[in-house]
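Down below is the structure, laid out as structure tokens.
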2 protein chains.
Amino acid sequence: MAYEKKIPVDLDCPLRLTMSLIESKWKSCILDELRNGEPQRPSEIHRCLPEAAPRVLDIQLKEMVEDGLVTKTIYPELPPRSEYKISALGLSLIPIIDLMLKWGEEHFDIFERKYGGKCGK
Amino acid sequence: MAYEKKIPVDLDCPLRLTMSLIESKWKSCILDELRNGEPQRPSEIHRCLPEAAPRVLDIQLKEMVEDGLVTKTIYPELPPRSEYKISALGLSLIPIIDLMLKWGEEHFDIFERKYGGKCGK
DNA sequence: TCATATACCGAAAAATTATTCGGTATATGG
DNA sequence: CCATATACCGAATAATTTTTCGGTATATGA
């Protein structure tokens with residue numbers, strides 16, 4: 001496990017269970033990246049999300065593999081090669097990602113006006 | 001604003017915009033609490049979410065008012081009385097909350113088996 | 001030979017979020 | 001008179017997440 005927690009996550013609450021799987025900074029973007037089902041190498045994922053610190057993508061990918069949202073294949077080659085692919089479980093989250101994407105696009109202007117493009121609120 | 005940020009949130013990404021509004025620990029639960037449209041007093045909300053630290057509910061409710069997801073009415077009485085009510089903007093997030101609820105219920109057993117009821121992972 | 005790319009990891013630091021504690025003020029019920 | 005409830009806030013602390021830096025090892029191309 002990437003991060004150890006002292007305060008337990010309440011998985012009895014279905015809302016918090018779902019949230020706990022996608023709420024980290026880049027997990028929803030990673031799912032969106034992998035949604036087409038094509039396996040992707042970590043370096044490609046890094047390039048597609050250039051604002052993410054590479055280390056945190058590694059950590060979050062690892063957690064997503066542990067949670068079963070993504071599968072990982074390691075090819076025993078040198079230089080090393082591996083691929084991440086969205087799983088059936090991960091695909092089942094895509095409708096949620098889609099709704100959030102749609103919502104964000106539809107309401108972008110409100111928050112644009114309110115906070116500007118980037119926001120340190 | 002409750003917490004000041006040094007690293008700006010990228011509101012240009014519709015996914016991260018939507019996530020930024022609901023990803024804090026109890027915001028999705030608060031929306032679910034208020035979904036029926038009835039105004040609720042803060043003490044009621046606290047009672048419905050007994051696992052939440054009261055202080056953080058105050059802070060997150062305040063942020064949700066700033067973001068326009070919830071409206072607040074203060075009655076100038078003593079002892080003080082106020083009410084929070086979900087806004088039209090907040091209601092527009094309910095389909096997302098619903099999907100997450102449904103997903104969590106449908107996949108509860110997987111994570112139950114995996115991590116047990118509560119999880120310090 | 002040397003910079004670059006590959007994938008990954010540990011550890012420290014920084015940033016963010018949550019928790020706990022104590023405080024403001026007033027009314028009600030015992 | 002005193003505990004309780006109401007709503008809220010500041011500040012210190014704790015917990016969590018993210019960032020940054022440096023390191024492992026090997027192959028390729030300039």
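We label chains A, B, ... in the order they appear in the structure tokens, count residues from 1 in each chain, and number ligands from 1 in the order shown.
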
Wanna dump the chain D-chain B contacts at 12 Å for me, each residue with its shortest atom pair and the distance in Å to one decimal, counting only C-alpha atoms (C1' of nucleotides), ordered by chain and number, as a tab-separated table?
residue	atom	partner	partner_atom	distance
D:DA5	C1'	B:Pro79	CA	8.4
D:DT6	C1'	B:Pro79	CA	5.1
D:DA7	C1'	B:Pro80	CA	5.8
D:DC8	C1'	B:Asp58	CA	8.1
D:DC9	C1'	B:Arg55	CA	9.4
D:DG10	C1'	B:Arg55	CA	11.4
D:DT16	C1'	B:Lys25	CA	11.7
D:DT18	C1'	B:Ile7	CA	10.1
D:DT19	C1'	B:Ile7	CA	10.5

Discussion item. Contacts from chain B to chain A, 8 Å maximum, only C-alpha atoms: show me the residue list as number ranges by chain.
Written reply: B: 1, 3-19, 23, 28-29, 93, 95-97, 99-105, 108, 111-112, 117-121

Pairing the C-alpha atoms in order across the whole chain, superpose chain A onto chain B by least squares and write the result as a tab-separated table (two decimals) with N, CA and C atoms, in the first residue's frame.
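And here is the file that came out, out.tsv:
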chain	number	residue	atom	x	y	z
A	1	MET	N	-12.50	32.51	2.14
A	1	MET	CA	-12.13	31.13	1.76
A	1	MET	C	-11.57	30.37	2.94
A	2	ALA	N	-11.96	29.17	3.02
A	2	ALA	CA	-11.60	28.38	4.19
A	2	ALA	C	-10.13	27.97	4.19
A	3	TYR	N	-9.66	27.48	3.05
A	3	TYR	CA	-8.27	27.06	2.96
A	3	TYR	C	-7.60	27.81	1.81
A	4	GLU	N	-6.45	28.35	2.06
A	4	GLU	CA	-5.68	28.99	1.00
A	4	GLU	C	-4.76	27.96	0.37
A	5	LYS	N	-4.65	28.02	-0.96
A	5	LYS	CA	-3.80	27.05	-1.65
A	5	LYS	C	-2.63	27.72	-2.31
A	6	LYS	N	-1.50	27.06	-2.29
A	6	LYS	CA	-0.31	27.57	-2.97
A	6	LYS	C	-0.19	26.98	-4.36
A	7	ILE	N	-0.64	25.76	-4.51
A	7	ILE	CA	-0.64	25.13	-5.82
A	7	ILE	C	-2.03	25.31	-6.41
A	8	PRO	N	-2.14	26.01	-7.55
A	8	PRO	CA	-3.47	26.30	-8.08
A	8	PRO	C	-4.19	25.05	-8.56
A	9	VAL	N	-5.51	25.06	-8.42
A	9	VAL	CA	-6.33	24.00	-8.98
A	9	VAL	C	-6.56	24.33	-10.45
A	10	ASP	N	-6.38	23.36	-11.30
A	10	ASP	CA	-6.55	23.59	-12.73
A	10	ASP	C	-8.01	23.43	-13.11
A	11	LEU	N	-8.71	24.56	-13.15
A	11	LEU	CA	-10.14	24.52	-13.46
A	11	LEU	C	-10.39	24.39	-14.95
A	12	ASP	N	-9.32	24.42	-15.75
A	12	ASP	CA	-9.49	24.23	-17.19
A	12	ASP	C	-9.87	22.79	-17.51
A	13	CYS	N	-9.48	21.88	-16.63
A	13	CYS	CA	-9.82	20.47	-16.85
A	13	CYS	C	-11.20	20.22	-16.24
A	14	PRO	N	-12.18	19.92	-17.07
A	14	PRO	CA	-13.55	19.79	-16.56
A	14	PRO	C	-13.67	18.71	-15.48
A	15	LEU	N	-12.87	17.68	-15.62
A	15	LEU	CA	-12.90	16.60	-14.64
A	15	LEU	C	-12.42	17.10	-13.29
A	16	ARG	N	-11.32	17.85	-13.31
A	16	ARG	CA	-10.76	18.33	-12.05
A	16	ARG	C	-11.61	19.45	-11.47
A	17	LEU	N	-12.27	20.18	-12.33
A	17	LEU	CA	-13.20	21.20	-11.82
A	17	LEU	C	-14.32	20.54	-11.03
A	18	THR	N	-14.94	19.55	-11.63
A	18	THR	CA	-16.05	18.87	-10.95
A	18	THR	C	-15.57	18.20	-9.67
A	19	MET	N	-14.45	17.50	-9.78
A	19	MET	CA	-13.90	16.82	-8.61
A	19	MET	C	-13.62	17.82	-7.49
A	20	SER	N	-13.08	18.95	-7.85
A	20	SER	CA	-12.66	19.90	-6.81
A	20	SER	C	-13.85	20.37	-5.97
A	21	LEU	N	-15.04	20.28	-6.53
A	21	LEU	CA	-16.21	20.75	-5.79
A	21	LEU	C	-16.75	19.71	-4.81
A	22	ILE	N	-16.44	18.45	-5.05
A	22	ILE	CA	-17.06	17.41	-4.22
A	22	ILE	C	-16.07	16.47	-3.55
A	23	GLU	N	-14.77	16.67	-3.78
A	23	GLU	CA	-13.85	15.63	-3.32
A	23	GLU	C	-13.51	15.69	-1.83
A	24	SER	N	-13.81	16.80	-1.17
A	24	SER	CA	-13.49	16.84	0.25
A	24	SER	C	-14.31	15.81	1.02
A	25	LYS	N	-13.80	15.47	2.16
A	25	LYS	CA	-14.26	14.26	2.86
A	25	LYS	C	-15.78	14.12	2.97
A	26	TRP	N	-16.51	15.19	3.23
A	26	TRP	CA	-17.94	15.04	3.51
A	26	TRP	C	-18.85	15.75	2.53
A	27	LYS	N	-18.29	16.42	1.52
A	27	LYS	CA	-19.15	17.22	0.65
A	27	LYS	C	-20.17	16.39	-0.10
A	28	SER	N	-19.76	15.23	-0.59
A	28	SER	CA	-20.72	14.42	-1.32
A	28	SER	C	-21.84	13.95	-0.39
A	29	CYS	N	-21.49	13.66	0.86
A	29	CYS	CA	-22.50	13.23	1.83
A	29	CYS	C	-23.44	14.37	2.18
A	30	ILE	N	-22.90	15.58	2.26
A	30	ILE	CA	-23.75	16.73	2.55
A	30	ILE	C	-24.76	16.93	1.41
A	31	LEU	N	-24.27	16.83	0.18
A	31	LEU	CA	-25.19	16.97	-0.96
A	31	LEU	C	-26.28	15.90	-0.89
A	32	ASP	N	-25.89	14.71	-0.54
A	32	ASP	CA	-26.86	13.62	-0.45
A	32	ASP	C	-27.88	13.89	0.66
A	33	GLU	N	-27.40	14.45	1.75
A	33	GLU	CA	-28.26	14.83	2.87
A	33	GLU	C	-29.31	15.85	2.47
A	34	LEU	N	-28.89	16.81	1.65
A	34	LEU	CA	-29.76	17.95	1.32
A	34	LEU	C	-30.55	17.73	0.03
A	35	ARG	N	-30.39	16.57	-0.57
A	35	ARG	CA	-30.90	16.35	-1.91
A	35	ARG	C	-32.41	16.53	-2.03
A	36	ASN	N	-33.14	16.29	-0.95
A	36	ASN	CA	-34.61	16.39	-1.05
A	36	ASN	C	-35.09	17.84	-1.12
A	37	GLY	N	-34.17	18.77	-1.00
A	37	GLY	CA	-34.55	20.17	-1.17
A	37	GLY	C	-35.01	20.86	0.10
A	38	GLU	N	-35.19	20.09	1.16
A	38	GLU	CA	-35.59	20.69	2.43
A	38	GLU	C	-34.43	21.45	3.05
A	39	PRO	N	-34.68	22.64	3.55
A	39	PRO	CA	-33.63	23.33	4.29
A	39	PRO	C	-33.33	22.59	5.58
A	40	GLN	N	-32.07	22.54	5.94
A	40	GLN	CA	-31.70	21.85	7.18
A	40	GLN	C	-30.81	22.73	8.02
A	41	ARG	N	-31.02	22.63	9.31
A	41	ARG	CA	-30.17	23.38	10.24
A	41	ARG	C	-28.84	22.65	10.40
A	42	PRO	N	-27.78	23.38	10.65
A	42	PRO	CA	-26.47	22.73	10.78
A	42	PRO	C	-26.45	21.63	11.84
A	43	SER	N	-27.19	21.82	12.92
A	43	SER	CA	-27.18	20.79	13.96
A	43	SER	C	-27.79	19.49	13.46
A	44	GLU	N	-28.78	19.60	12.57
A	44	GLU	CA	-29.36	18.39	11.99
A	44	GLU	C	-28.34	17.70	11.10
A	45	ILE	N	-27.66	18.49	10.30
A	45	ILE	CA	-26.66	17.92	9.40
A	45	ILE	C	-25.57	17.21	10.21
A	46	HIS	N	-25.15	17.85	11.30
A	46	HIS	CA	-24.16	17.23	12.17
A	46	HIS	C	-24.68	15.90	12.70
A	47	ARG	N	-25.94	15.86	13.08
A	47	ARG	CA	-26.48	14.62	13.65
A	47	ARG	C	-26.57	13.52	12.61
A	48	CYS	N	-26.82	13.90	11.37
A	48	CYS	CA	-26.93	12.90	10.31
A	48	CYS	C	-25.58	12.36	9.88
A	49	LEU	N	-24.53	13.11	10.17
A	49	LEU	CA	-23.18	12.67	9.80
A	49	LEU	C	-22.31	12.64	11.06
A	50	PRO	N	-22.64	11.73	11.97
A	50	PRO	CA	-22.01	11.77	13.29
A	50	PRO	C	-20.51	11.46	13.25
A	51	GLU	N	-20.04	10.84	12.18
A	51	GLU	CA	-18.61	10.52	12.11
A	51	GLU	C	-17.76	11.71	11.68
A	52	ALA	N	-18.42	12.73	11.19
A	52	ALA	CA	-17.67	13.91	10.73
A	52	ALA	C	-17.36	14.83	11.91
A	53	ALA	N	-16.17	15.33	11.93
A	53	ALA	CA	-15.83	16.35	12.92
A	53	ALA	C	-16.68	17.59	12.62
A	54	PRO	N	-17.37	18.10	13.65
A	54	PRO	CA	-18.27	19.24	13.42
A	54	PRO	C	-17.56	20.41	12.73
A	55	ARG	N	-16.34	20.66	13.13
A	55	ARG	CA	-15.62	21.79	12.55
A	55	ARG	C	-15.47	21.68	11.06
A	56	VAL	N	-15.22	20.46	10.59
A	56	VAL	CA	-14.97	20.30	9.16
A	56	VAL	C	-16.28	20.41	8.38
A	57	LEU	N	-17.38	20.04	8.99
A	57	LEU	CA	-18.67	20.26	8.33
A	57	LEU	C	-18.92	21.75	8.16
A	58	ASP	N	-18.65	22.51	9.21
A	58	ASP	CA	-18.79	23.97	9.10
A	58	ASP	C	-17.98	24.51	7.94
A	59	ILE	N	-16.71	24.10	7.90
A	59	ILE	CA	-15.81	24.61	6.87
A	59	ILE	C	-16.29	24.20	5.48
A	60	GLN	N	-16.70	22.94	5.34
A	60	GLN	CA	-17.09	22.47	4.02
A	60	GLN	C	-18.42	23.07	3.59
A	61	LEU	N	-19.32	23.26	4.54
A	61	LEU	CA	-20.58	23.95	4.21
A	61	LEU	C	-20.30	25.36	3.71
A	62	LYS	N	-19.37	26.01	4.38
A	62	LYS	CA	-19.03	27.37	3.97
A	62	LYS	C	-18.47	27.40	2.55
A	63	GLU	N	-17.59	26.46	2.26
A	63	GLU	CA	-17.03	26.39	0.91
A	63	GLU	C	-18.12	26.10	-0.12
A	64	MET	N	-19.06	25.24	0.26
A	64	MET	CA	-20.13	24.89	-0.68
A	64	MET	C	-21.04	26.09	-0.93
A	65	VAL	N	-21.20	26.93	0.08
A	65	VAL	CA	-21.96	28.17	-0.13
A	65	VAL	C	-21.19	29.08	-1.08
A	66	GLU	N	-19.88	29.21	-0.85
A	66	GLU	CA	-19.05	30.04	-1.75
A	66	GLU	C	-19.11	29.52	-3.19
A	67	ASP	N	-19.11	28.21	-3.33
A	67	ASP	CA	-19.12	27.62	-4.67
A	67	ASP	C	-20.53	27.64	-5.28
A	68	GLY	N	-21.51	27.99	-4.47
A	68	GLY	CA	-22.86	28.10	-5.01
A	68	GLY	C	-23.64	26.79	-5.03
A	69	LEU	N	-23.14	25.77	-4.35
A	69	LEU	CA	-23.84	24.48	-4.34
A	69	LEU	C	-24.97	24.47	-3.33
A	70	VAL	N	-24.89	25.38	-2.37
A	70	VAL	CA	-25.81	25.39	-1.24
A	70	VAL	C	-26.08	26.86	-0.90
A	71	THR	N	-27.29	27.15	-0.47
A	71	THR	CA	-27.57	28.51	0.01
A	71	THR	C	-27.74	28.48	1.51
A	72	LYS	N	-27.51	29.61	2.12
A	72	LYS	CA	-27.58	29.69	3.57
A	72	LYS	C	-28.50	30.84	3.96
A	73	THR	N	-29.37	30.58	4.90
A	73	THR	CA	-30.23	31.62	5.44
A	73	THR	C	-29.96	31.73	6.93
A	74	ILE	N	-29.68	32.96	7.36
A	74	ILE	CA	-29.45	33.19	8.78
A	74	ILE	C	-30.65	33.93	9.34
A	75	TYR	N	-31.23	33.38	10.39
A	75	TYR	CA	-32.34	34.04	11.06
A	75	TYR	C	-31.80	34.79	12.27
A	76	PRO	N	-32.07	36.07	12.35
A	76	PRO	CA	-31.48	36.87	13.44
A	76	PRO	C	-32.23	36.64	14.74
A	77	GLU	N	-32.06	35.46	15.29
A	77	GLU	CA	-32.75	35.09	16.53
A	77	GLU	C	-31.71	34.67	17.55
A	78	LEU	N	-32.19	34.56	18.75
A	78	LEU	CA	-31.34	34.00	19.80
A	78	LEU	C	-32.14	32.97	20.56
A	79	PRO	N	-31.57	31.77	20.75
A	79	PRO	CA	-30.28	31.33	20.23
A	79	PRO	C	-30.26	31.29	18.72
A	80	PRO	N	-29.08	31.35	18.12
A	80	PRO	CA	-28.97	31.53	16.67
A	80	PRO	C	-29.62	30.39	15.89
A	81	ARG	N	-30.12	30.73	14.70
A	81	ARG	CA	-30.69	29.70	13.84
A	81	ARG	C	-30.28	30.00	12.42
A	82	SER	N	-29.92	28.97	11.69
A	82	SER	CA	-29.62	29.15	10.27
A	82	SER	C	-30.02	27.88	9.55
A	83	GLU	N	-30.14	27.99	8.25
A	83	GLU	CA	-30.54	26.83	7.46
A	83	GLU	C	-29.74	26.75	6.16
A	84	TYR	N	-29.41	25.56	5.79
A	84	TYR	CA	-28.74	25.32	4.51
A	84	TYR	C	-29.71	24.58	3.60
A	85	LYS	N	-29.64	24.96	2.32
A	85	LYS	CA	-30.55	24.37	1.35
A	85	LYS	C	-29.77	24.16	0.06
A	86	ILE	N	-30.00	23.05	-0.55
A	86	ILE	CA	-29.28	22.78	-1.80
A	86	ILE	C	-29.78	23.74	-2.88
A	87	SER	N	-28.87	24.22	-3.72
A	87	SER	CA	-29.23	25.16	-4.79
A	87	SER	C	-29.48	24.39	-6.09
A	88	ALA	N	-29.89	25.13	-7.11
A	88	ALA	CA	-30.07	24.49	-8.42
A	88	ALA	C	-28.75	23.89	-8.91
A	89	LEU	N	-27.68	24.64	-8.68
A	89	LEU	CA	-26.36	24.14	-9.11
A	89	LEU	C	-26.02	22.85	-8.35
A	90	GLY	N	-26.28	22.86	-7.06
A	90	GLY	CA	-26.03	21.65	-6.27
A	90	GLY	C	-26.89	20.49	-6.73
A	91	LEU	N	-28.14	20.77	-7.03
A	91	LEU	CA	-29.04	19.72	-7.51
A	91	LEU	C	-28.53	19.11	-8.81
A	92	SER	N	-27.87	19.93	-9.62
A	92	SER	CA	-27.38	19.41	-10.90
A	92	SER	C	-26.25	18.41	-10.71
A	93	LEU	N	-25.70	18.37	-9.50
A	93	LEU	CA	-24.66	17.37	-9.22
A	93	LEU	C	-25.25	16.05	-8.72
A	94	ILE	N	-26.52	16.05	-8.39
A	94	ILE	CA	-27.13	14.86	-7.80
A	94	ILE	C	-27.06	13.62	-8.70
A	95	PRO	N	-27.21	13.76	-10.01
A	95	PRO	CA	-27.04	12.57	-10.85
A	95	PRO	C	-25.67	11.91	-10.68
A	96	ILE	N	-24.66	12.71	-10.46
A	96	ILE	CA	-23.32	12.16	-10.23
A	96	ILE	C	-23.29	11.43	-8.89
A	97	ILE	N	-23.83	12.09	-7.87
A	97	ILE	CA	-23.91	11.47	-6.55
A	97	ILE	C	-24.67	10.14	-6.64
A	98	ASP	N	-25.76	10.14	-7.40
A	98	ASP	CA	-26.56	8.94	-7.54
A	98	ASP	C	-25.77	7.79	-8.16
A	99	LEU	N	-25.03	8.12	-9.22
A	99	LEU	CA	-24.24	7.07	-9.88
A	99	LEU	C	-23.19	6.52	-8.91
A	100	MET	N	-22.60	7.41	-8.14
A	100	MET	CA	-21.57	6.96	-7.20
A	100	MET	C	-22.19	6.10	-6.10
A	101	LEU	N	-23.36	6.50	-5.64
A	101	LEU	CA	-24.08	5.69	-4.64
A	101	LEU	C	-24.37	4.30	-5.20
A	102	LYS	N	-24.89	4.29	-6.40
A	102	LYS	CA	-25.26	3.02	-7.03
A	102	LYS	C	-24.02	2.15	-7.21
A	103	TRP	N	-22.96	2.75	-7.71
A	103	TRP	CA	-21.72	2.00	-7.93
A	103	TRP	C	-21.21	1.42	-6.61
A	104	GLY	N	-21.23	2.24	-5.58
A	104	GLY	CA	-20.74	1.79	-4.29
A	104	GLY	C	-21.56	0.63	-3.74
A	105	GLU	N	-22.87	0.71	-3.94
A	105	GLU	CA	-23.72	-0.39	-3.47
A	105	GLU	C	-23.46	-1.66	-4.26
A	106	GLU	N	-23.31	-1.50	-5.55
A	106	GLU	CA	-23.13	-2.68	-6.41
A	106	GLU	C	-21.79	-3.37	-6.19
A	107	HIS	N	-20.78	-2.59	-5.80
A	107	HIS	CA	-19.44	-3.17	-5.70
A	107	HIS	C	-18.94	-3.26	-4.27
A	108	PHE	N	-19.88	-3.03	-3.35
A	108	PHE	CA	-19.53	-3.08	-1.94
A	108	PHE	C	-18.85	-4.40	-1.56
A	109	ASP	N	-19.40	-5.52	-2.06
A	109	ASP	CA	-18.92	-6.84	-1.64
A	109	ASP	C	-17.46	-7.06	-2.02
A	110	ILE	N	-17.06	-6.55	-3.16
A	110	ILE	CA	-15.67	-6.72	-3.59
A	110	ILE	C	-14.71	-6.14	-2.55
A	111	PHE	N	-15.03	-4.92	-2.11
A	111	PHE	CA	-14.10	-4.24	-1.20
A	111	PHE	C	-14.29	-4.70	0.23
A	112	GLU	N	-15.48	-5.16	0.52
A	112	GLU	CA	-15.74	-5.83	1.80
A	112	GLU	C	-14.79	-7.02	1.94
A	113	ARG	N	-14.78	-7.86	0.92
A	113	ARG	CA	-13.89	-9.03	0.94
A	113	ARG	C	-12.44	-8.61	1.01
A	114	LYS	N	-12.14	-7.56	0.30
A	114	LYS	CA	-10.75	-7.17	0.12
A	114	LYS	C	-10.18	-6.49	1.36
A	115	TYR	N	-10.93	-5.55	1.89
A	115	TYR	CA	-10.37	-4.71	2.93
A	115	TYR	C	-11.13	-4.79	4.25
A	116	GLY	N	-12.29	-5.45	4.28
A	116	GLY	CA	-13.11	-5.45	5.49
A	116	GLY	C	-13.89	-4.16	5.57
A	117	GLY	N	-14.76	-4.06	6.58
A	117	GLY	CA	-15.71	-2.94	6.66
A	117	GLY	C	-15.03	-1.60	6.69
A	118	LYS	N	-14.09	-1.44	7.58
A	118	LYS	CA	-13.33	-0.20	7.60
A	118	LYS	C	-11.91	-0.55	7.18
A	119	CYS	N	-11.21	0.43	6.75
A	119	CYS	CA	-9.96	0.10	6.08
A	119	CYS	C	-8.92	1.17	6.27
A	120	GLY	N	-7.79	0.78	6.82
A	120	GLY	CA	-6.70	1.72	7.06
A	120	GLY	C	-5.65	1.66	5.99
A	121	LYS	N	-6.02	1.04	4.88
A	121	LYS	CA	-5.12	0.83	3.76
A	121	LYS	C	-4.27	2.06	3.46

Worksheet item: Of the candidates C:DA7, C:DG30, C:DA14, C:DT20, which one gets nearest to chain A if we count only C-alpha atoms (C1' of nucleotides)?
Response: C:DA7

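Distances to chain B were evaluated for C:DA3, C:DC21, C:DA13, C:DA27 using only C-alpha atoms (C1' of nucleotides), and the minimum falls at C:DA27.
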
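The coordinates place C1' of DA14 in chain D at 20.3 Å from C1' of DA11 in chain C.
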
Worksheet entry | Residue list (strand (DSSP E or B), DSSP) for chain B, as a VMD selection string | chain B and resid 9 to 10 40 70 to 75 81 to 86 118 to 119

Discussion item. Considering only helix (DSSP H, G or I) as DSSP defines it on the backbone, what residues of chain A qualify? List them as a PyMOL selection string.
Written reply: chain A and resi 14-22+27-34+42-48+54-67+88-91+94-106+108-115

Using only C-alpha atoms (C1' of nucleotides), what table do you get, as a tab-separated table, when you list each residue of chain C with an atom no more than 8 Å from chain B, its nearest pair of atoms, and their distance in Å rounded to one decimal, rows by chain then rising number?
residue	atom	partner	partner_atom	distance
C:DA15	C1'	B:Lys6	CA	7.4
C:DT16	C1'	B:Lys5	CA	7.6
C:DA18	C1'	B:Val56	CA	6.8
C:DT19	C1'	B:Ala53	CA	6.7
C:DT26	C1'	B:Pro79	CA	5.6
C:DA27	C1'	B:Pro79	CA	5.8
